[in-house]
There are 2 protein chains.
Amino acid sequence: MRTHNCGELNINNLNETVTLCGWVQKVRNKGFMIWLDLRDQHGITQILFDHERTSKKIFDKLNTINREYVLQINGIVIERISKNNQINTGEIEILAQKINILNSSLTPPFTVENKTDGGEELRMKYRFLDIRREEISKNIQLRSKINFEIRKFFNKNGFLDIETPYLIKSTPEGARDFIVPSRINKGEFYALPQSPQTFKQLLVIGGIDKYFQIVKCFRDEDLRSDRQPEFTQIDCEMSFVDQKDVMNIFEGFIKELFFRVKNIKLNDFPILSYEDAMKKYGSDKPDIRFDMQIHNLNGVLKNNKIEIFENNDSNLCICIKEGAKLSRNQIDDLNNWVKNSEIKGKGFMWIKYNHDGTIKSSISKLIDNLKANEILKVCKGNFGDLIILVSGNNKTPFIQLGSLRIEIAKRLDLIKTKEFCPLWINDFPLFELDENTKKISSMHHPFTSPKVEDIELLDSTPENVYANSYDLVINGVEIGGGSIRIHDSKIQKKIFEILGFSKKDYLNQFGFLIEALEYGAPPHGGIAFGLDRLVALMANKQAIRDFIAFPKNNSGKDIMIESPNKISDDQLNELNLSINNE
Amino acid sequence: MRTHNCGELNINNLNETVTLCGWVQKVRNKGFMIWLDLRDQHGITQILFDHERTSKKIFDKLNTINREYVLQINGIVIERISKNNQINTGEIEILAQKINILNSSLTPPFTVENKTDGGEELRMKYRFLDIRREEISKNIQLRSKINFEIRKFFNKNGFLDIETPYLIKSTPEGARDFIVPSRINKGEFYALPQSPQTFKQLLVIGGIDKYFQIVKCFRDEDLRSDRQPEFTQIDCEMSFVDQKDVMNIFEGFIKELFFRVKNIKLNDFPILSYEDAMKKYGSDKPDIRFDMQIHNLNGVLKNNKIEIFENNDSNLCICIKEGAKLSRNQIDDLNNWVKNSEIKGKGFMWIKYNHDGTIKSSISKLIDNLKANEILKVCKGNFGDLIILVSGNNKTPFIQLGSLRIEIAKRLDLIKTKEFCPLWINDFPLFELDENTKKISSMHHPFTSPKVEDIELLDSTPENVYANSYDLVINGVEIGGGSIRIHDSKIQKKIFEILGFSKKDYLNQFGFLIEALEYGAPPHGGIAFGLDRLVALMANKQAIRDFIAFPKNNSGKDIMIESPNKISDDQLNELNLSINNE
């Protein structure tokens, strides 16, 4: 139906007779001449009609045409008089000889342009129009390219692409499953996988050397703006590897991906222990595109009989380079943010070191200039800087300063937004203790292996056991996480017991895995990356929704197809189910 | 943990010190010498221990080792005395110096060998062991390779890989959906896709030029041995194409796939209309690896006052070359098969043309030798052949002879089992009429476009309308099917009306698609291939189950993980659902 797409003709095609198909982006009618921008996925080509060279019949047809009509246009490539350097086809236009209206269009509810006038809900309802916008179309093209580059890497490195099942079994621990009633086995249910974790372990136990899959996963969680009930994972597993092997191969993977897709050469990824990450950045996914690390001031502030500093375990600060220029208002505003944002802090103390040598501080009654200078020295700061202090116990002050660090960097534009700064976080604790319920749970998942040297602590002090696990963080976003898995059935059972499973429960839910571990499971480990986030990150964007062809809204609804929806009583009866009256 | 895998060492590695990891396939203990076969995904390497060169400590360890133990072995590559030409590593063995037991194994419930002693249910329960068998492992490797070659083709040809959603909307017509209750939107349900059909249409309506996806699809059907509740589709769609364009590109796709994966150059695919396929082969998925076409004998048999031939519309036959050698028993056996198999025929007539010029026949009272010779002529047969006749009305006699044709070819070994004979079937009717209910339904699906020249028949005689659809058949297996879609909302509405949808119903279920068609839908079409079947076919096998890593059994159960299973009352309550008492 066409000889070329709308993005490929240029000055080398002069005088060729071509046929294009596409959508009407814009029509400019100057009476004796009409220009029409014809658009497809590949670009825009300008079509020219003039009274001298174009038949009246065609001009009559043109009068019926509106935006988003679908046209087939036959004509000759000619040189444009006023060229457009912004687009590939900007040096030429097509002098139309035939025009065929392939389909008409109602007036779209928003303009199909990068700067659209459509709100988010409207754009989701008419997603098929939203995808026509260059911005979204480019996102989808980028995702497809990344997807293929991922596969090329894994194929080259001997990973087998293996599909694991979608209709699996509900394991109520962890996040909530989506369930699927079985009609043939009445009263029984499948569950959709939250990840193929146990299946990929079964594959390496089944002698598969290296496995990968790009796979949809499902979590029935209450949704936030950056979460979708269905999301895509790059899921990987390898046998006969230790932590270093896994980190090496997947660091190579990320480097190659950035090089192939963005032509960026990433440096070797630093490795930070979970403990160090919390101490230095107050976060297990630190954004290291800027510095502003957390300093511990206990050495300076303790043993001075200042009640607040004595009463708290941690007296911490961050130093904002040239932050003294912040007005009192700006500082108060930050303090309000600390109190009102999700971190719900008590507010901070501050010391401002002016360039003229004066010091202003919210705690001038507690510390003198001498002390203030000592603090500045700990931070390796200078006059002109602003120091923000937080006191508290346990993780709280670290987390507060960690969040504040990001917020300040955003407000002061300190983040090198074009850069990509990956790092590994490792040496996570195996368990975490809920301070309220005193319940112990897996920090990663129950299949994560404890460090060999800590195995003897499992019985006595499990909270002191470290895990063979690792996260990959880029620009403050957790892009991947994995671990060396348990390959010894006895340790796997012990972990379930520590987590409070009865033998009956863990056998019921994970008996197949424990059994598999008893038939010659190799040492193995792997990782999973969030593809939606990775793609958004590589495009320097945050909203994953714009990188998913058909996303759901914050209520888990697809408002275009109107799903979920009611189903018929017949369908429910066949499944032997009823909806409860409330 | 290892320097090489178990399939790569050969005579070029002599004297190298290597470390291998793998599973114990077999131990042969000759007292002073022990040979051990170490296996991984890549192959088997023989390990040698002898009393002269191996420490006593290692020999002691060896005594604790059984089949499927996981070992790490360090040693030197030496030349074998008795070489094995069957395997890559057959010229060498490893003289072990260190041995590390990485994991033990219980005695497996069946032998991990190609000729296993495990029955199907046992092998499915211990699928992780079954996958270790070379046969299944090779299937999985083949599937992975095919998967990547598919992606290479589509990437090279400008198709975008786009993920469509899994949580969509139930559309009760067609096959039965699996449904997924929504917790957030109580009383409402998602459905799992039977195919991404409407979404791929929305993508091309959204300006995506060419789309493909390798995607899981779901059908809650009563299962047969070659059906799985979840199956994988290669799903494709293109804009601005006609039927010829689509068939061209996907014929090229299949050719390239066979060449890359199997080094087979396929000839151009013949195209047969649905009508011709039924007439010649009694099937819309003919196996053309052998000839034996159906012949119509009406010209010979009608107007002879023979009641049976006069009363039936169709008097048909197939001619079995050199079939006269079949004994009376063999013929009776075939006749019983016709009566008792799923085709449930009334039995056939036969005429045997012996090499000595005599003719034997089950209908010698009806036709004389003259007539019999005329029949042989119609079939272009010779003495030595056997002709089988069936009389009947409508499609039945064609379908019976079509099935018989296949059965005879199997029994007489007429099928060139190493060959691949693809063909296209096109010009399907748009609708099919259920002879019992007189209900009209789509032969393909309701989005298939009628042939332009038949559109005017939609109102008057829809049963006479042909479709722009096409199936790809290889060796009697339907590998793919597709169509040019309707891009005109008015025709789409008319089709729904012909199918008996009320306006309310079709808007409720497919309103989003009809609306999308109103906003500038391009002419478009596509195809979907069944990946499970394609992979099995390319391996010259029929059972798709052996090409799926974790298949379900005929009751839709995964007996390894014991799924589906009961879920807790809490889970049901959260979903606001109850199981009906029966």
# chains A, B, ... in the order shown; residues from 1 in each chain; ligands from 1

call {"tool": "residues_around", "arguments": {"residues": "Lys285 (chain A)", "least_positions_apart": "3", "cutoff": "9 Å", "atoms": "only C-alpha atoms", "output": "list of chain:residue names"}}
result
A:Ala277, A:Met278, A:Tyr281, A:Gly282, A:Leu423, A:Ile425, A:Asp471, A:Leu472, A:Val473, A:Ile474, A:Asn475, A:Gly476, A:Val477, A:Glu478

call {"tool": "select_by_dssp", "arguments": {"residues": "region 332-514 of chain A", "states": "helix (DSSP H, G or I)", "output": "CSV table (one decimal) with N, CA and C atoms, in the first residue's frame"}}
result
chain,number,residue,atom,x,y,z
A,332,ASP,N,12.9,27.3,56.9
A,332,ASP,CA,11.7,27.0,57.6
A,332,ASP,C,10.8,26.1,56.8
A,333,ASP,N,10.8,26.4,55.5
A,333,ASP,CA,10.0,25.6,54.5
A,333,ASP,C,10.5,24.1,54.5
A,334,LEU,N,11.8,24.0,54.5
A,334,LEU,CA,12.4,22.6,54.5
A,334,LEU,C,12.0,21.9,55.8
A,335,ASN,N,12.0,22.7,56.9
A,335,ASN,CA,11.7,22.1,58.2
A,335,ASN,C,10.2,21.7,58.2
A,336,ASN,N,9.4,22.5,57.6
A,336,ASN,CA,7.9,22.1,57.5
A,336,ASN,C,7.8,20.8,56.7
A,337,TRP,N,8.6,20.8,55.6
A,337,TRP,CA,8.5,19.6,54.8
A,337,TRP,C,8.8,18.3,55.6
A,338,VAL,N,9.9,18.4,56.4
A,338,VAL,CA,10.3,17.3,57.2
A,338,VAL,C,9.1,16.9,58.1
A,339,LYS,N,8.4,17.9,58.7
A,339,LYS,CA,7.4,17.5,59.6
A,339,LYS,C,6.1,17.0,58.9
A,340,ASN,N,5.9,17.5,57.7
A,340,ASN,CA,4.6,17.2,57.0
A,340,ASN,C,4.7,16.1,56.0
A,369,ASN,N,30.2,29.0,69.1
A,369,ASN,CA,30.8,29.0,67.8
A,369,ASN,C,32.0,28.1,67.7
A,370,LEU,N,32.7,27.8,68.8
A,370,LEU,CA,33.8,26.9,68.9
A,370,LEU,C,33.3,25.5,68.4
A,371,LYS,N,32.2,25.1,69.1
A,371,LYS,CA,31.6,23.8,68.8
A,371,LYS,C,31.1,23.8,67.3
A,372,ALA,N,30.5,24.9,66.9
A,372,ALA,CA,30.0,24.9,65.5
A,372,ALA,C,31.2,24.7,64.6
A,373,ASN,N,32.3,25.3,64.9
A,373,ASN,CA,33.5,25.2,64.0
A,373,ASN,C,34.0,23.7,64.0
A,374,GLU,N,33.9,23.1,65.2
A,374,GLU,CA,34.3,21.7,65.2
A,374,GLU,C,33.4,20.8,64.3
A,375,ILE,N,32.1,21.1,64.4
A,375,ILE,CA,31.1,20.4,63.5
A,375,ILE,C,31.5,20.6,62.1
A,376,LEU,N,31.8,21.8,61.7
A,376,LEU,CA,32.1,22.1,60.3
A,376,LEU,C,33.3,21.3,59.9
A,377,LYS,N,34.2,21.2,60.8
A,377,LYS,CA,35.5,20.4,60.5
A,377,LYS,C,35.2,18.9,60.2
A,378,VAL,N,34.3,18.4,61.1
A,378,VAL,CA,33.9,17.0,60.9
A,378,VAL,C,33.4,16.7,59.5
A,396,THR,N,15.8,5.9,62.6
A,396,THR,CA,15.0,7.0,62.2
A,396,THR,C,15.8,8.3,61.8
A,397,PRO,N,16.8,8.7,62.6
A,397,PRO,CA,17.5,9.9,62.2
A,397,PRO,C,18.2,9.8,60.8
A,398,PHE,N,18.7,8.6,60.6
A,398,PHE,CA,19.4,8.3,59.3
A,398,PHE,C,18.4,8.4,58.1
A,399,ILE,N,17.2,7.8,58.3
A,399,ILE,CA,16.2,7.8,57.3
A,399,ILE,C,15.8,9.2,57.0
A,400,GLN,N,15.6,10.0,58.1
A,400,GLN,CA,15.1,11.4,58.0
A,400,GLN,C,16.1,12.2,57.2
A,401,LEU,N,17.4,12.1,57.6
A,401,LEU,CA,18.4,12.9,56.9
A,401,LEU,C,18.6,12.4,55.4
A,402,GLY,N,18.4,11.1,55.2
A,402,GLY,CA,18.4,10.5,53.9
A,402,GLY,C,17.4,11.1,53.0
A,403,SER,N,16.2,11.3,53.5
A,403,SER,CA,15.1,11.9,52.7
A,403,SER,C,15.3,13.3,52.5
A,404,LEU,N,15.8,14.0,53.5
A,404,LEU,CA,16.0,15.4,53.5
A,404,LEU,C,17.1,15.7,52.4
A,405,ARG,N,18.1,14.9,52.4
A,405,ARG,CA,19.3,15.0,51.5
A,405,ARG,C,18.7,15.0,50.0
A,406,ILE,N,17.8,14.1,49.7
A,406,ILE,CA,17.3,14.1,48.4
A,406,ILE,C,16.4,15.4,48.1
A,407,GLU,N,15.6,15.7,49.1
A,407,GLU,CA,14.7,16.9,48.9
A,407,GLU,C,15.5,18.2,48.7
A,408,ILE,N,16.6,18.3,49.5
A,408,ILE,CA,17.4,19.5,49.3
A,408,ILE,C,18.1,19.5,48.0
A,409,ALA,N,18.6,18.3,47.6
A,409,ALA,CA,19.3,18.3,46.3
A,409,ALA,C,18.3,18.6,45.2
A,410,LYS,N,17.1,18.2,45.3
A,410,LYS,CA,16.1,18.6,44.2
A,410,LYS,C,15.8,20.1,44.2
A,411,ARG,N,15.6,20.6,45.5
A,411,ARG,CA,15.3,22.0,45.6
A,411,ARG,C,16.5,22.9,45.1
A,452,VAL,N,27.7,-18.0,54.9
A,452,VAL,CA,28.1,-19.3,55.5
A,452,VAL,C,28.6,-19.1,57.0
A,453,GLU,N,29.4,-18.0,57.1
A,453,GLU,CA,30.0,-17.8,58.5
A,453,GLU,C,28.9,-17.5,59.5
A,454,ASP,N,27.7,-17.1,59.1
A,454,ASP,CA,26.7,-16.8,60.1
A,454,ASP,C,25.7,-17.9,60.4
A,457,LEU,N,24.7,-18.7,63.8
A,457,LEU,CA,23.9,-17.8,64.6
A,457,LEU,C,22.4,-18.0,64.3
A,458,LEU,N,22.0,-18.8,63.3
A,458,LEU,CA,20.6,-18.9,63.0
A,458,LEU,C,19.7,-19.3,64.2
A,459,ASP,N,20.3,-20.2,65.0
A,459,ASP,CA,19.5,-20.7,66.2
A,459,ASP,C,19.5,-19.6,67.3
A,460,SER,N,20.6,-19.0,67.6
A,460,SER,CA,20.7,-18.1,68.7
A,460,SER,C,20.2,-16.7,68.4
A,462,PRO,N,19.2,-14.9,65.2
A,462,PRO,CA,19.0,-14.8,63.8
A,462,PRO,C,19.0,-13.3,63.3
A,463,GLU,N,18.7,-12.4,64.1
A,463,GLU,CA,18.7,-11.0,63.7
A,463,GLU,C,20.1,-10.5,63.4
A,464,ASN,N,21.1,-11.3,63.8
A,464,ASN,CA,22.5,-10.9,63.5
A,464,ASN,C,23.1,-11.6,62.2
A,489,SER,N,18.4,-28.4,51.9
A,489,SER,CA,17.0,-28.5,52.4
A,489,SER,C,16.9,-28.2,53.9
A,490,LYS,N,18.0,-28.7,54.6
A,490,LYS,CA,17.9,-28.5,56.1
A,490,LYS,C,17.9,-27.0,56.4
A,491,ILE,N,18.7,-26.2,55.8
A,491,ILE,CA,18.8,-24.8,56.1
A,491,ILE,C,17.5,-24.2,55.6
A,492,GLN,N,16.9,-24.6,54.5
A,492,GLN,CA,15.7,-24.0,54.0
A,492,GLN,C,14.6,-24.3,55.0
A,493,LYS,N,14.5,-25.5,55.6
A,493,LYS,CA,13.5,-25.8,56.6
A,493,LYS,C,13.7,-24.9,57.8
A,494,LYS,N,15.0,-24.7,58.3
A,494,LYS,CA,15.2,-23.9,59.4
A,494,LYS,C,14.8,-22.5,59.2
A,495,ILE,N,15.0,-22.0,58.0
A,495,ILE,CA,14.6,-20.6,57.8
A,495,ILE,C,13.1,-20.5,57.9
A,496,PHE,N,12.4,-21.4,57.3
A,496,PHE,CA,10.9,-21.4,57.4
A,496,PHE,C,10.5,-21.4,58.9
A,497,GLU,N,11.2,-22.2,59.7
A,497,GLU,CA,10.9,-22.3,61.1
A,497,GLU,C,11.1,-21.0,61.8
A,498,ILE,N,12.2,-20.4,61.5
A,498,ILE,CA,12.5,-19.1,62.1
A,498,ILE,C,11.5,-18.1,61.8
A,503,LYS,N,5.6,-26.8,60.4
A,503,LYS,CA,6.1,-27.8,59.4
A,503,LYS,C,5.0,-28.0,58.3
A,504,LYS,N,3.8,-28.2,58.8
A,504,LYS,CA,2.7,-28.5,57.9
A,504,LYS,C,2.5,-27.3,56.9
A,505,ASP,N,2.6,-26.1,57.4
A,505,ASP,CA,2.4,-25.0,56.5
A,505,ASP,C,3.5,-24.9,55.4
A,506,TYR,N,4.8,-25.0,55.9
A,506,TYR,CA,5.8,-24.9,54.8
A,506,TYR,C,5.8,-26.0,53.9
A,507,LEU,N,5.5,-27.2,54.4
A,507,LEU,CA,5.4,-28.3,53.4
A,507,LEU,C,4.3,-28.2,52.5
A,508,ASN,N,3.2,-27.7,53.0
A,508,ASN,CA,2.0,-27.4,52.1
A,508,ASN,C,2.3,-26.4,51.0
A,509,GLN,N,3.0,-25.3,51.4
A,509,GLN,CA,3.2,-24.3,50.4
A,509,GLN,C,4.4,-24.5,49.6
A,510,PHE,N,5.5,-25.0,50.2
A,510,PHE,CA,6.8,-25.1,49.5
A,510,PHE,C,7.4,-26.5,49.6
A,511,GLY,N,6.6,-27.5,49.8
A,511,GLY,CA,7.1,-28.8,49.9
A,511,GLY,C,7.8,-29.2,48.6
A,512,PHE,N,7.3,-28.8,47.5
A,512,PHE,CA,7.9,-29.2,46.2
A,512,PHE,C,9.3,-28.6,46.1
A,513,LEU,N,9.6,-27.4,46.6
A,513,LEU,CA,10.9,-26.9,46.6
A,513,LEU,C,11.9,-27.6,47.6
A,514,ILE,N,11.3,-27.8,48.7
A,514,ILE,CA,12.2,-28.5,49.7
A,514,ILE,C,12.5,-29.9,49.2

call {"tool": "closest_residue", "arguments": {"among": "B:Val70, B:Leu366, B:Ala521, B:Ala324", "to": "Ile208 (chain B)", "atoms": "only C-alpha atoms"}}
result
B:Ala521

call {"tool": "residues_around", "arguments": {"residues": "Tyr466 (chain B)", "least_positions_apart": "5", "cutoff": "7 Å", "atoms": "only C-alpha atoms", "output": "tab-separated table (two decimals) with N, CA, C and O atoms, in the first residue's frame"}}
result
chain	number	residue	atom	x	y	z
B	427	ASP	N	-9.33	-17.87	1.81
B	427	ASP	CA	-10.72	-17.79	1.33
B	427	ASP	C	-11.67	-18.62	2.19
B	427	ASP	O	-12.52	-19.37	1.68
B	428	PHE	N	-11.52	-18.48	3.48
B	428	PHE	CA	-12.48	-19.12	4.39
B	428	PHE	C	-13.82	-18.39	4.32
B	428	PHE	O	-13.86	-17.19	4.06
B	429	PRO	N	-14.91	-19.08	4.59
B	429	PRO	CA	-16.17	-18.36	4.81
B	429	PRO	C	-16.02	-17.47	6.05
B	429	PRO	O	-15.27	-17.80	6.96
B	430	LEU	N	-16.71	-16.32	6.05
B	430	LEU	CA	-16.62	-15.43	7.21
B	430	LEU	C	-17.36	-16.03	8.41
B	430	LEU	O	-16.92	-15.91	9.54
B	450	PRO	N	-14.64	-9.01	6.01
B	450	PRO	CA	-15.18	-9.72	4.85
B	450	PRO	C	-14.44	-9.26	3.59
B	450	PRO	O	-13.85	-8.18	3.57
B	451	LYS	N	-14.44	-10.07	2.57
B	451	LYS	CA	-13.87	-9.62	1.29
B	451	LYS	C	-14.70	-8.44	0.77
B	451	LYS	O	-15.93	-8.46	0.84
B	454	ASP	N	-17.74	-8.90	-1.23
B	454	ASP	CA	-18.86	-9.62	-0.62
B	454	ASP	C	-19.65	-8.78	0.38
B	454	ASP	O	-20.65	-9.25	0.93

call {"tool": "closest_residue", "arguments": {"among": "B:Glu113, B:Glu135, B:Glu16, B:Glu237", "to": "Ile527 (chain B)", "atoms": "only C-alpha atoms"}}
result
B:Glu237

call {"tool": "residues_around", "arguments": {"residues": "Asp558 (chain B)", "least_positions_apart": "2", "cutoff": "12 Å", "atoms": "only C-alpha atoms", "output": "PyMOL selection string"}}
result
(chain A and resi 164-169+185+189-190+512) or (chain B and resi 121-127+228-230+549-556+560-565)

call {"tool": "decode", "arguments": {"residues": "region 277-286 of chain B", "atoms": "all heavy atoms", "output": "tab-separated table (two decimals), in the first residue's frame"}}
result
chain	number	residue	atom	x	y	z
B	277	ALA	N	-9.30	-27.17	-0.25
B	277	ALA	CA	-8.70	-28.02	0.77
B	277	ALA	C	-9.69	-29.07	1.23
B	277	ALA	O	-9.36	-30.25	1.38
B	277	ALA	CB	-8.22	-27.17	1.96
B	278	MET	N	-10.93	-28.64	1.43
B	278	MET	CA	-11.95	-29.59	1.87
B	278	MET	C	-12.23	-30.61	0.77
B	278	MET	O	-12.38	-31.81	1.04
B	278	MET	CB	-13.25	-28.84	2.23
B	278	MET	CG	-13.16	-27.97	3.48
B	278	MET	SD	-12.59	-28.85	4.98
B	278	MET	CE	-13.93	-30.00	5.23
B	279	LYS	N	-12.28	-30.15	-0.47
B	279	LYS	CA	-12.58	-31.06	-1.58
B	279	LYS	C	-11.46	-32.07	-1.81
B	279	LYS	O	-11.71	-33.24	-2.10
B	279	LYS	CB	-12.78	-30.26	-2.87
B	279	LYS	CG	-14.20	-29.75	-3.02
B	279	LYS	CD	-14.38	-29.12	-4.40
B	279	LYS	CE	-15.67	-28.33	-4.46
B	279	LYS	NZ	-15.66	-27.36	-5.55
B	280	LYS	N	-10.22	-31.59	-1.72
B	280	LYS	CA	-9.10	-32.46	-2.07
B	280	LYS	C	-8.59	-33.29	-0.89
B	280	LYS	O	-8.05	-34.37	-1.07
B	280	LYS	CB	-7.94	-31.62	-2.60
B	280	LYS	CG	-8.20	-31.03	-3.96
B	280	LYS	CD	-6.98	-30.28	-4.46
B	280	LYS	CE	-7.22	-29.70	-5.85
B	280	LYS	NZ	-6.15	-28.79	-6.25
B	281	TYR	N	-8.69	-32.71	0.31
B	281	TYR	CA	-8.09	-33.38	1.46
B	281	TYR	C	-9.07	-33.63	2.61
B	281	TYR	O	-8.71	-34.21	3.63
B	281	TYR	CB	-6.90	-32.56	1.99
B	281	TYR	CG	-5.80	-32.38	0.97
B	281	TYR	CD1	-5.69	-31.20	0.25
B	281	TYR	CD2	-4.91	-33.41	0.71
B	281	TYR	CE1	-4.69	-31.03	-0.70
B	281	TYR	CE2	-3.92	-33.25	-0.25
B	281	TYR	CZ	-3.81	-32.07	-0.95
B	281	TYR	OH	-2.82	-31.92	-1.88
B	282	GLY	N	-10.30	-33.13	2.46
B	282	GLY	CA	-11.29	-33.32	3.52
B	282	GLY	C	-10.88	-32.70	4.83
B	282	GLY	O	-11.26	-33.17	5.91
B	283	SER	N	-10.09	-31.64	4.75
B	283	SER	CA	-9.57	-31.02	5.97
B	283	SER	C	-9.14	-29.60	5.64
B	283	SER	O	-8.67	-29.32	4.54
B	283	SER	CB	-8.36	-31.82	6.48
B	283	SER	OG	-7.67	-31.09	7.47
B	284	ASP	N	-9.27	-28.69	6.62
B	284	ASP	CA	-8.74	-27.35	6.41
B	284	ASP	C	-7.30	-27.25	6.93
B	284	ASP	O	-6.72	-26.19	6.97
B	284	ASP	CB	-9.64	-26.28	7.03
B	284	ASP	CG	-9.83	-26.45	8.51
B	284	ASP	OD1	-9.30	-27.43	9.07
B	284	ASP	OD2	-10.53	-25.62	9.12
B	285	LYS	N	-6.75	-28.38	7.35
B	285	LYS	CA	-5.32	-28.41	7.67
B	285	LYS	C	-4.70	-29.68	7.08
B	285	LYS	O	-4.25	-30.57	7.81
B	285	LYS	CB	-5.05	-28.29	9.17
B	285	LYS	CG	-6.05	-28.88	10.11
B	285	LYS	CD	-5.59	-28.60	11.53
B	285	LYS	CE	-6.34	-29.46	12.49
B	285	LYS	NZ	-7.65	-28.87	12.81
B	286	PRO	N	-4.67	-29.72	5.76
B	286	PRO	CA	-4.21	-30.95	5.10
B	286	PRO	C	-2.72	-31.21	5.32
B	286	PRO	O	-1.92	-30.29	5.33
B	286	PRO	CB	-4.49	-30.68	3.62
B	286	PRO	CG	-4.58	-29.21	3.47
B	286	PRO	CD	-5.07	-28.69	4.79
